[in-house]
Amino acid sequence: MEEEDILEEETLEEENDKKEEKKSHKFLNAIILFAILIVLIFVYAKYVGTKGLVVKEYKVESSVLTKNFSGIKVVHFSDVIYKSTFDKTGFEELIKRVNILKPDIIVFTGDLINKNTKLKNEDIEYLTNELSLLKASIGKYTIYGDQDYSSLVYEKIMEDSNFKILNNSYDEIFKESNESIYIVGLPSSIKETINLDEAFSFYDDLDRKYIIVLVHDGNSIKYIDESNYEADLILGGHSLNGSVVIPYIGGIFSEGNNYKYGGESYEKGITKIFMSSGLGTNKYGYRLFNKPSFNLYRLKSLSN
């Protein structure tokens with residue numbers, strides 16, 4: 001082999017080695033950048049995504065609702081899971097933001113207390129005082145979430161802060177006339193038996209009034225789906241809408257017992273269903289593209 005051919009071959013080998021080296025560097029850099037991105041996402045989801053407070057507003061129209069109740073405002077919050085990632089700063093912001101809206105009805109759909117947290121007397125006093133500051137012109141209502149059953153003080157906190165606990169029961173609401181609507185509260189299906197016949201004992205097909213139903217988990221809605229009872233507005237929580245929401249895919253890391261109602265909103269016939277994404281976090285302690293939030297519903301009558 002001539003000397004020129006040998007030099008040319010060595011040059012080609014060197015060029016190939018350099019190309020392979022560049023590929024290796026690019027691959028290594030890509031791995032490093034991906035690892036940094038993953039770390040940044042976790043840091044954001046842990047320390048940024050769990051902070052701040054969003055108000056989600058919805059207009060809810062119904063031909064069952066009478067004109068007397070048209071325009072009332074319902075504020076719905078859920079899954080505080082106190083001392084998860086929702087602390088005193090978040091609580092005080094919640095109270096301020098809710099009261100600015102001047103709601104007519106305030107509903108809480110459970111999980112006030114983190115089941116793994118033992119509340120001190122000062123915690124009980126704080127929660128009671130803060131919840132007492134929430135103002136509603138008609139009333140404040142609540143139900144049990146699955147984590148609330150582990151606390152002996154949940155009932156006392158809610159009653160002392162002027163919330164009416166509905167547990168397989170209902171309340172009839174009047175506003176400036178003898179016309180009324182009903183609000184029904186069901187217990188967490190995870191912890192207690194749901195008794196629709198008891199909760200809907202007022203129900204009359206021939207004289208249907210507007211009905212709001214409070215549930216904690218989506219599985220509770222299954223009972224209504226399979227019954228002869230009809231609701232106009234169902235409000236719940238538990239799922240946190242998945243905590244981590246991937247665009248075009250939806251929520252992941254969702255709690256169980258949601259049946260098919262783990263997302264934000266659904267419609268089934270005349271029934272509107274809204275599942276709050278909540279304020280605190282589950283055991284993972286992360287939120288991504290899913291800030292802590294509460295919902296505002298403006299009810300509008302379509303009746304003649």
# chains A, B, ... in the order shown; residues from 1 in each chain; ligands from 1
call {"tool": "residues_around", "arguments": {"residues": "segment 132-139 of chain A", "least_positions_apart": "3", "cutoff": "7 Å", "atoms": "only C-alpha atoms", "output": "PyMOL selection string"}}
result
chain A and resi 95+99+102-106+128-129+161-162
call {"tool": "residues_around", "arguments": {"residues": "Val153 of chain A", "least_positions_apart": "6", "cutoff": "10 Å", "atoms": "only C-alpha atoms", "output": "list in words"}}
result
Ile113, Leu119 and Ile124 of chain A
call {"tool": "residues_around", "arguments": {"residues": "Arg208 of chain A", "least_positions_apart": "5", "cutoff": "12 Å", "atoms": "only C-alpha atoms", "output": "ChimeraX atom specification"}}
result
/A:63-66,179-182,200,202-203,229-232
call {"tool": "write_last_selection", "arguments": {"atoms": "C-alpha atoms", "output": "compact mmCIF listing (two decimals), in the first residue's frame"}}
result
# COMPACT_ATOMS: atom_id res chain seq x y z
CA SER A 63 -84.68 25.00 33.67
CA VAL A 64 -85.51 23.43 37.06
CA LEU A 65 -84.10 26.36 39.05
CA THR A 66 -86.75 29.01 39.73
CA GLU A 179 -90.04 28.62 46.74
CA SER A 180 -87.13 26.38 47.72
CA ILE A 181 -84.19 24.29 46.59
CA TYR A 182 -82.63 21.29 48.31
CA PHE A 200 -83.56 11.95 49.23
CA PHE A 202 -88.03 14.69 50.33
CA TYR A 203 -87.90 13.71 46.64
CA TYR A 229 -83.13 9.98 41.91
CA GLU A 230 -82.14 12.93 39.77
CA ALA A 231 -79.82 15.74 40.81
CA ASP A 232 -79.18 19.04 39.06
call {"tool": "closest_residue", "arguments": {"among": "A:Ile246, A:Met158, A:Ile41, A:Val60", "to": "Leu127 of chain A", "atoms": "only C-alpha atoms"}}
result
A:Met158
call {"tool": "atom_distance", "arguments": {"atom1": "atom CA of Lys96 of chain A", "atom2": "atom CA of Lys59 of chain A"}}
result
22.0 Å
call {"tool": "residues_around", "arguments": {"residues": "Asp225 of chain A", "least_positions_apart": "4", "cutoff": "12 Å", "atoms": "only C-alpha atoms", "output": "PyMOL selection string"}}
result
chain A and resi 196+218-221+229-231+234+259-261+267-269+271+273
call {"tool": "residues_around", "arguments": {"residues": "Arg298 of chain A", "least_positions_apart": "2", "cutoff": "8 Å", "atoms": "only C-alpha atoms", "output": "NGL selection string"}}
result
:A and (57-60 or 71-74 or 296 or 300)
call {"tool": "select_by_dssp", "arguments": {"residues": "segment 182-249 of chain A", "states": "strand (DSSP E or B)", "output": "PyMOL selection string"}}
result
chain A and resi 182-185+211-214+233-236+243-246
call {"tool": "atom_distance", "arguments": {"atom1": "atom CA of Lys140 of chain A", "atom2": "atom CA of Ile211 of chain A"}}
result
15.7 Å
call {"tool": "select_by_dssp", "arguments": {"residues": "segment 14-85 of chain A", "states": "alpha helix (DSSP H)", "output": "VMD selection string"}}
result
chain A and resid 14 to 47
call {"tool": "write_last_selection", "arguments": {"atoms": "C-alpha atoms", "output": "PDB file, in the first residue's frame"}}
result
ATOM      1  CA  GLU A  14      -9.411  10.002  12.902  1.00  0.00           C
ATOM      2  CA  GLU A  15     -12.470  11.715  11.422  1.00  0.00           C
ATOM      3  CA  ASN A  16     -14.665   8.749  12.313  1.00  0.00           C
ATOM      4  CA  ASP A  17     -13.264   8.743  15.862  1.00  0.00           C
ATOM      5  CA  LYS A  18     -14.047  12.453  16.173  1.00  0.00           C
ATOM      6  CA  LYS A  19     -17.595  11.900  14.883  1.00  0.00           C
ATOM      7  CA  GLU A  20     -18.140   9.088  17.387  1.00  0.00           C
ATOM      8  CA  GLU A  21     -16.717  11.278  20.149  1.00  0.00           C
ATOM      9  CA  LYS A  22     -19.098  14.114  19.196  1.00  0.00           C
ATOM     10  CA  LYS A  23     -22.041  11.694  19.221  1.00  0.00           C
ATOM     11  CA  SER A  24     -21.021  10.475  22.671  1.00  0.00           C
ATOM     12  CA  HIS A  25     -20.768  14.056  23.944  1.00  0.00           C
ATOM     13  CA  LYS A  26     -24.172  14.934  22.501  1.00  0.00           C
ATOM     14  CA  PHE A  27     -25.746  11.848  24.051  1.00  0.00           C
ATOM     15  CA  LEU A  28     -24.145  12.593  27.427  1.00  0.00           C
ATOM     16  CA  ASN A  29     -25.246  16.232  27.249  1.00  0.00           C
ATOM     17  CA  ALA A  30     -28.787  15.135  26.385  1.00  0.00           C
ATOM     18  CA  ILE A  31     -28.862  12.818  29.408  1.00  0.00           C
ATOM     19  CA  ILE A  32     -27.565  15.607  31.685  1.00  0.00           C
ATOM     20  CA  LEU A  33     -30.124  18.105  30.326  1.00  0.00           C
ATOM     21  CA  PHE A  34     -32.926  15.565  30.729  1.00  0.00           C
ATOM     22  CA  ALA A  35     -31.855  14.852  34.319  1.00  0.00           C
ATOM     23  CA  ILE A  36     -31.749  18.591  35.091  1.00  0.00           C
ATOM     24  CA  LEU A  37     -35.197  19.014  33.530  1.00  0.00           C
ATOM     25  CA  ILE A  38     -36.630  16.198  35.655  1.00  0.00           C
ATOM     26  CA  VAL A  39     -35.131  17.692  38.812  1.00  0.00           C
ATOM     27  CA  LEU A  40     -36.508  21.145  37.951  1.00  0.00           C
ATOM     28  CA  ILE A  41     -39.970  19.682  37.316  1.00  0.00           C
ATOM     29  CA  PHE A  42     -39.931  17.919  40.681  1.00  0.00           C
ATOM     30  CA  VAL A  43     -38.740  21.069  42.474  1.00  0.00           C
ATOM     31  CA  TYR A  44     -41.418  23.150  40.739  1.00  0.00           C
ATOM     32  CA  ALA A  45     -44.158  20.603  41.490  1.00  0.00           C
ATOM     33  CA  LYS A  46     -43.101  20.400  45.135  1.00  0.00           C
ATOM     34  CA  TYR A  47     -42.424  24.036  46.011  1.00  0.00           C
TER      35      TYR A  47
END
call {"tool": "atom_distance", "arguments": {"atom1": "atom CA of Gly256 of chain A", "atom2": "atom CA of Ser293 of chain A"}}
result
20.3 Å
call {"tool": "closest_atom_pairs", "arguments": {"of": "segment 239-276 of chain A", "to": "segment 75-93 of chain A", "cutoff": "10 Å", "atoms": "only C-alpha atoms", "output": "Markdown table"}}
result
| residue | atom | partner | partner_atom | distance |
| --- | --- | --- | --- | --- |
| A:Ser239 | CA | A:Asp79 | CA | 9.0 |
| A:Leu240 | CA | A:Asp79 | CA | 7.7 |
| A:Phe274 | CA | A:His76 | CA | 9.5 |
| A:Met275 | CA | A:Ser78 | CA | 8.9 |
| A:Ser276 | CA | A:Ser78 | CA | 6.3 |
call {"tool": "residues_around", "arguments": {"residues": "Ile165 of chain A", "least_positions_apart": "2", "cutoff": "12 Å", "atoms": "only C-alpha atoms", "output": "MDAnalysis selection string"}}
result
chainID A and resid 107:110 139:145 154:163 167:171 183:187 214
call {"tool": "closest_residue", "arguments": {"among": "A:Gly236, A:Asn228, A:Asn241, A:Asp111", "to": "Asp205 of chain A", "atoms": "only C-alpha atoms"}}
result
A:Asn228
call {"tool": "decode", "arguments": {"residues": "segment 137-180 of chain A", "atoms": "N, CA and C atoms", "output": "PDB file, in the first residue's frame"}}
result
ATOM      1  N   SER A 137     -74.546  34.333  52.754  1.00  0.00           N
ATOM      2  CA  SER A 137     -75.827  34.949  53.082  1.00  0.00           C
ATOM      3  C   SER A 137     -76.924  33.930  53.375  1.00  0.00           C
ATOM      4  N   ILE A 138     -76.818  32.716  52.802  1.00  0.00           N
ATOM      5  CA  ILE A 138     -77.835  31.685  53.026  1.00  0.00           C
ATOM      6  C   ILE A 138     -77.365  30.630  54.012  1.00  0.00           C
ATOM      7  N   GLY A 139     -76.177  30.059  53.779  1.00  0.00           N
ATOM      8  CA  GLY A 139     -75.710  29.034  54.704  1.00  0.00           C
ATOM      9  C   GLY A 139     -74.418  28.384  54.270  1.00  0.00           C
ATOM     10  N   LYS A 140     -73.827  27.625  55.209  1.00  0.00           N
ATOM     11  CA  LYS A 140     -72.582  26.901  54.964  1.00  0.00           C
ATOM     12  C   LYS A 140     -72.831  25.418  55.258  1.00  0.00           C
ATOM     13  N   TYR A 141     -72.387  24.562  54.335  1.00  0.00           N
ATOM     14  CA  TYR A 141     -72.678  23.127  54.443  1.00  0.00           C
ATOM     15  C   TYR A 141     -71.403  22.310  54.221  1.00  0.00           C
ATOM     16  N   THR A 142     -71.369  21.148  54.846  1.00  0.00           N
ATOM     17  CA  THR A 142     -70.203  20.280  54.687  1.00  0.00           C
ATOM     18  C   THR A 142     -70.598  18.818  54.804  1.00  0.00           C
ATOM     19  N   ILE A 143     -69.691  17.945  54.382  1.00  0.00           N
ATOM     20  CA  ILE A 143     -69.834  16.496  54.523  1.00  0.00           C
ATOM     21  C   ILE A 143     -68.504  15.939  55.041  1.00  0.00           C
ATOM     22  N   TYR A 144     -68.469  14.643  55.278  1.00  0.00           N
ATOM     23  CA  TYR A 144     -67.234  13.980  55.694  1.00  0.00           C
ATOM     24  C   TYR A 144     -66.439  13.526  54.480  1.00  0.00           C
ATOM     25  N   GLY A 145     -65.130  13.801  54.488  1.00  0.00           N
ATOM     26  CA  GLY A 145     -64.215  13.163  53.557  1.00  0.00           C
ATOM     27  C   GLY A 145     -63.642  11.927  54.214  1.00  0.00           C
ATOM     28  N   ASP A 146     -63.009  11.052  53.457  1.00  0.00           N
ATOM     29  CA  ASP A 146     -62.515   9.803  54.045  1.00  0.00           C
ATOM     30  C   ASP A 146     -61.481  10.044  55.134  1.00  0.00           C
ATOM     31  N   GLN A 147     -60.677  11.121  55.021  1.00  0.00           N
ATOM     32  CA  GLN A 147     -59.656  11.373  56.029  1.00  0.00           C
ATOM     33  C   GLN A 147     -60.246  11.975  57.308  1.00  0.00           C
ATOM     34  N   ASP A 148     -61.422  12.577  57.206  1.00  0.00           N
ATOM     35  CA  ASP A 148     -62.031  13.220  58.373  1.00  0.00           C
ATOM     36  C   ASP A 148     -62.526  12.211  59.405  1.00  0.00           C
ATOM     37  N   TYR A 149     -62.767  10.974  58.969  1.00  0.00           N
ATOM     38  CA  TYR A 149     -63.251   9.959  59.895  1.00  0.00           C
ATOM     39  C   TYR A 149     -62.190   9.576  60.925  1.00  0.00           C
ATOM     40  N   SER A 150     -60.930   9.867  60.619  1.00  0.00           N
ATOM     41  CA  SER A 150     -59.846   9.510  61.549  1.00  0.00           C
ATOM     42  C   SER A 150     -59.696  10.529  62.671  1.00  0.00           C
ATOM     43  N   SER A 151     -60.461  11.623  62.600  1.00  0.00           N
ATOM     44  CA  SER A 151     -60.346  12.678  63.609  1.00  0.00           C
ATOM     45  C   SER A 151     -61.606  12.751  64.459  1.00  0.00           C
ATOM     46  N   LEU A 152     -61.414  12.851  65.757  1.00  0.00           N
ATOM     47  CA  LEU A 152     -62.543  12.961  66.677  1.00  0.00           C
ATOM     48  C   LEU A 152     -63.058  14.387  66.777  1.00  0.00           C
ATOM     49  N   VAL A 153     -62.325  15.323  66.177  1.00  0.00           N
ATOM     50  CA  VAL A 153     -62.695  16.737  66.346  1.00  0.00           C
ATOM     51  C   VAL A 153     -63.261  17.365  65.079  1.00  0.00           C
ATOM     52  N   TYR A 154     -63.342  16.611  63.991  1.00  0.00           N
ATOM     53  CA  TYR A 154     -63.837  17.196  62.740  1.00  0.00           C
ATOM     54  C   TYR A 154     -65.241  17.772  62.914  1.00  0.00           C
ATOM     55  N   GLU A 155     -66.129  16.980  63.492  1.00  0.00           N
ATOM     56  CA  GLU A 155     -67.515  17.428  63.671  1.00  0.00           C
ATOM     57  C   GLU A 155     -67.573  18.694  64.522  1.00  0.00           C
ATOM     58  N   LYS A 156     -66.801  18.722  65.590  1.00  0.00           N
ATOM     59  CA  LYS A 156     -66.800  19.893  66.474  1.00  0.00           C
ATOM     60  C   LYS A 156     -66.282  21.138  65.756  1.00  0.00           C
ATOM     61  N   ILE A 157     -65.193  20.987  64.993  1.00  0.00           N
ATOM     62  CA  ILE A 157     -64.619  22.126  64.263  1.00  0.00           C
ATOM     63  C   ILE A 157     -65.645  22.711  63.300  1.00  0.00           C
ATOM     64  N   MET A 158     -66.295  21.848  62.540  1.00  0.00           N
ATOM     65  CA  MET A 158     -67.232  22.325  61.522  1.00  0.00           C
ATOM     66  C   MET A 158     -68.484  22.941  62.139  1.00  0.00           C
ATOM     67  N   GLU A 159     -69.014  22.308  63.177  1.00  0.00           N
ATOM     68  CA  GLU A 159     -70.218  22.857  63.817  1.00  0.00           C
ATOM     69  C   GLU A 159     -69.917  24.154  64.543  1.00  0.00           C
ATOM     70  N   ASP A 160     -68.761  24.223  65.190  1.00  0.00           N
ATOM     71  CA  ASP A 160     -68.387  25.451  65.904  1.00  0.00           C
ATOM     72  C   ASP A 160     -68.087  26.603  64.952  1.00  0.00           C
ATOM     73  N   SER A 161     -67.819  26.295  63.691  1.00  0.00           N
ATOM     74  CA  SER A 161     -67.581  27.351  62.696  1.00  0.00           C
ATOM     75  C   SER A 161     -68.815  27.569  61.812  1.00  0.00           C
ATOM     76  N   ASN A 162     -69.975  27.088  62.313  1.00  0.00           N
ATOM     77  CA  ASN A 162     -71.290  27.352  61.702  1.00  0.00           C
ATOM     78  C   ASN A 162     -71.516  26.668  60.359  1.00  0.00           C
ATOM     79  N   PHE A 163     -70.868  25.527  60.150  1.00  0.00           N
ATOM     80  CA  PHE A 163     -71.182  24.683  59.000  1.00  0.00           C
ATOM     81  C   PHE A 163     -72.207  23.640  59.429  1.00  0.00           C
ATOM     82  N   LYS A 164     -73.184  23.388  58.587  1.00  0.00           N
ATOM     83  CA  LYS A 164     -74.149  22.323  58.845  1.00  0.00           C
ATOM     84  C   LYS A 164     -73.650  21.053  58.185  1.00  0.00           C
ATOM     85  N   ILE A 165     -73.481  19.997  58.973  1.00  0.00           N
ATOM     86  CA  ILE A 165     -72.999  18.721  58.439  1.00  0.00           C
ATOM     87  C   ILE A 165     -74.174  17.923  57.902  1.00  0.00           C
ATOM     88  N   LEU A 166     -74.059  17.534  56.641  1.00  0.00           N
ATOM     89  CA  LEU A 166     -75.070  16.697  55.999  1.00  0.00           C
ATOM     90  C   LEU A 166     -74.489  15.306  55.817  1.00  0.00           C
ATOM     91  N   ASN A 167     -75.181  14.302  56.351  1.00  0.00           N
ATOM     92  CA  ASN A 167     -74.676  12.941  56.304  1.00  0.00           C
ATOM     93  C   ASN A 167     -75.846  12.001  56.016  1.00  0.00           C
ATOM     94  N   ASN A 168     -76.017  11.656  54.738  1.00  0.00           N
ATOM     95  CA  ASN A 168     -77.225  10.962  54.309  1.00  0.00           C
ATOM     96  C   ASN A 168     -78.457  11.771  54.703  1.00  0.00           C
ATOM     97  N   SER A 169     -78.344  13.082  54.539  1.00  0.00           N
ATOM     98  CA  SER A 169     -79.419  13.981  54.955  1.00  0.00           C
ATOM     99  C   SER A 169     -79.484  15.174  54.007  1.00  0.00           C
ATOM    100  N   TYR A 170     -80.441  16.061  54.246  1.00  0.00           N
ATOM    101  CA  TYR A 170     -80.649  17.193  53.351  1.00  0.00           C
ATOM    102  C   TYR A 170     -81.097  18.415  54.142  1.00  0.00           C
ATOM    103  N   ASP A 171     -81.085  19.550  53.447  1.00  0.00           N
ATOM    104  CA  ASP A 171     -81.648  20.771  53.995  1.00  0.00           C
ATOM    105  C   ASP A 171     -82.449  21.456  52.898  1.00  0.00           C
ATOM    106  N   GLU A 172     -83.565  22.038  53.284  1.00  0.00           N
ATOM    107  CA  GLU A 172     -84.385  22.788  52.340  1.00  0.00           C
ATOM    108  C   GLU A 172     -84.069  24.265  52.505  1.00  0.00           C
ATOM    109  N   ILE A 173     -83.781  24.928  51.395  1.00  0.00           N
ATOM    110  CA  ILE A 173     -83.322  26.313  51.425  1.00  0.00           C
ATOM    111  C   ILE A 173     -84.375  27.223  50.792  1.00  0.00           C
ATOM    112  N   PHE A 174     -84.721  28.262  51.517  1.00  0.00           N
ATOM    113  CA  PHE A 174     -85.668  29.260  51.021  1.00  0.00           C
ATOM    114  C   PHE A 174     -84.946  30.586  50.799  1.00  0.00           C
ATOM    115  N   LYS A 175     -85.469  31.374  49.865  1.00  0.00           N
ATOM    116  CA  LYS A 175     -84.882  32.681  49.592  1.00  0.00           C
ATOM    117  C   LYS A 175     -85.983  33.656  49.192  1.00  0.00           C
ATOM    118  N   GLU A 176     -86.377  34.484  50.136  1.00  0.00           N
ATOM    119  CA  GLU A 176     -87.295  35.605  49.900  1.00  0.00           C
ATOM    120  C   GLU A 176     -88.667  35.201  49.369  1.00  0.00           C
ATOM    121  N   SER A 177     -89.018  33.910  49.449  1.00  0.00           N
ATOM    122  CA  SER A 177     -90.348  33.469  49.048  1.00  0.00           C
ATOM    123  C   SER A 177     -90.552  32.057  49.580  1.00  0.00           C
ATOM    124  N   ASN A 178     -91.703  31.456  49.253  1.00  0.00           N
ATOM    125  CA  ASN A 178     -91.940  30.080  49.691  1.00  0.00           C
ATOM    126  C   ASN A 178     -91.375  29.052  48.716  1.00  0.00           C
ATOM    127  N   GLU A 179     -90.716  29.523  47.660  1.00  0.00           N
ATOM    128  CA  GLU A 179     -90.037  28.615  46.736  1.00  0.00           C
ATOM    129  C   GLU A 179     -88.718  28.154  47.373  1.00  0.00           C
ATOM    130  N   SER A 180     -88.318  26.921  47.057  1.00  0.00           N
ATOM    131  CA  SER A 180     -87.130  26.378  47.719  1.00  0.00           C
ATOM    132  C   SER A 180     -86.283  25.547  46.775  1.00  0.00           C
TER     133      SER A 180
END
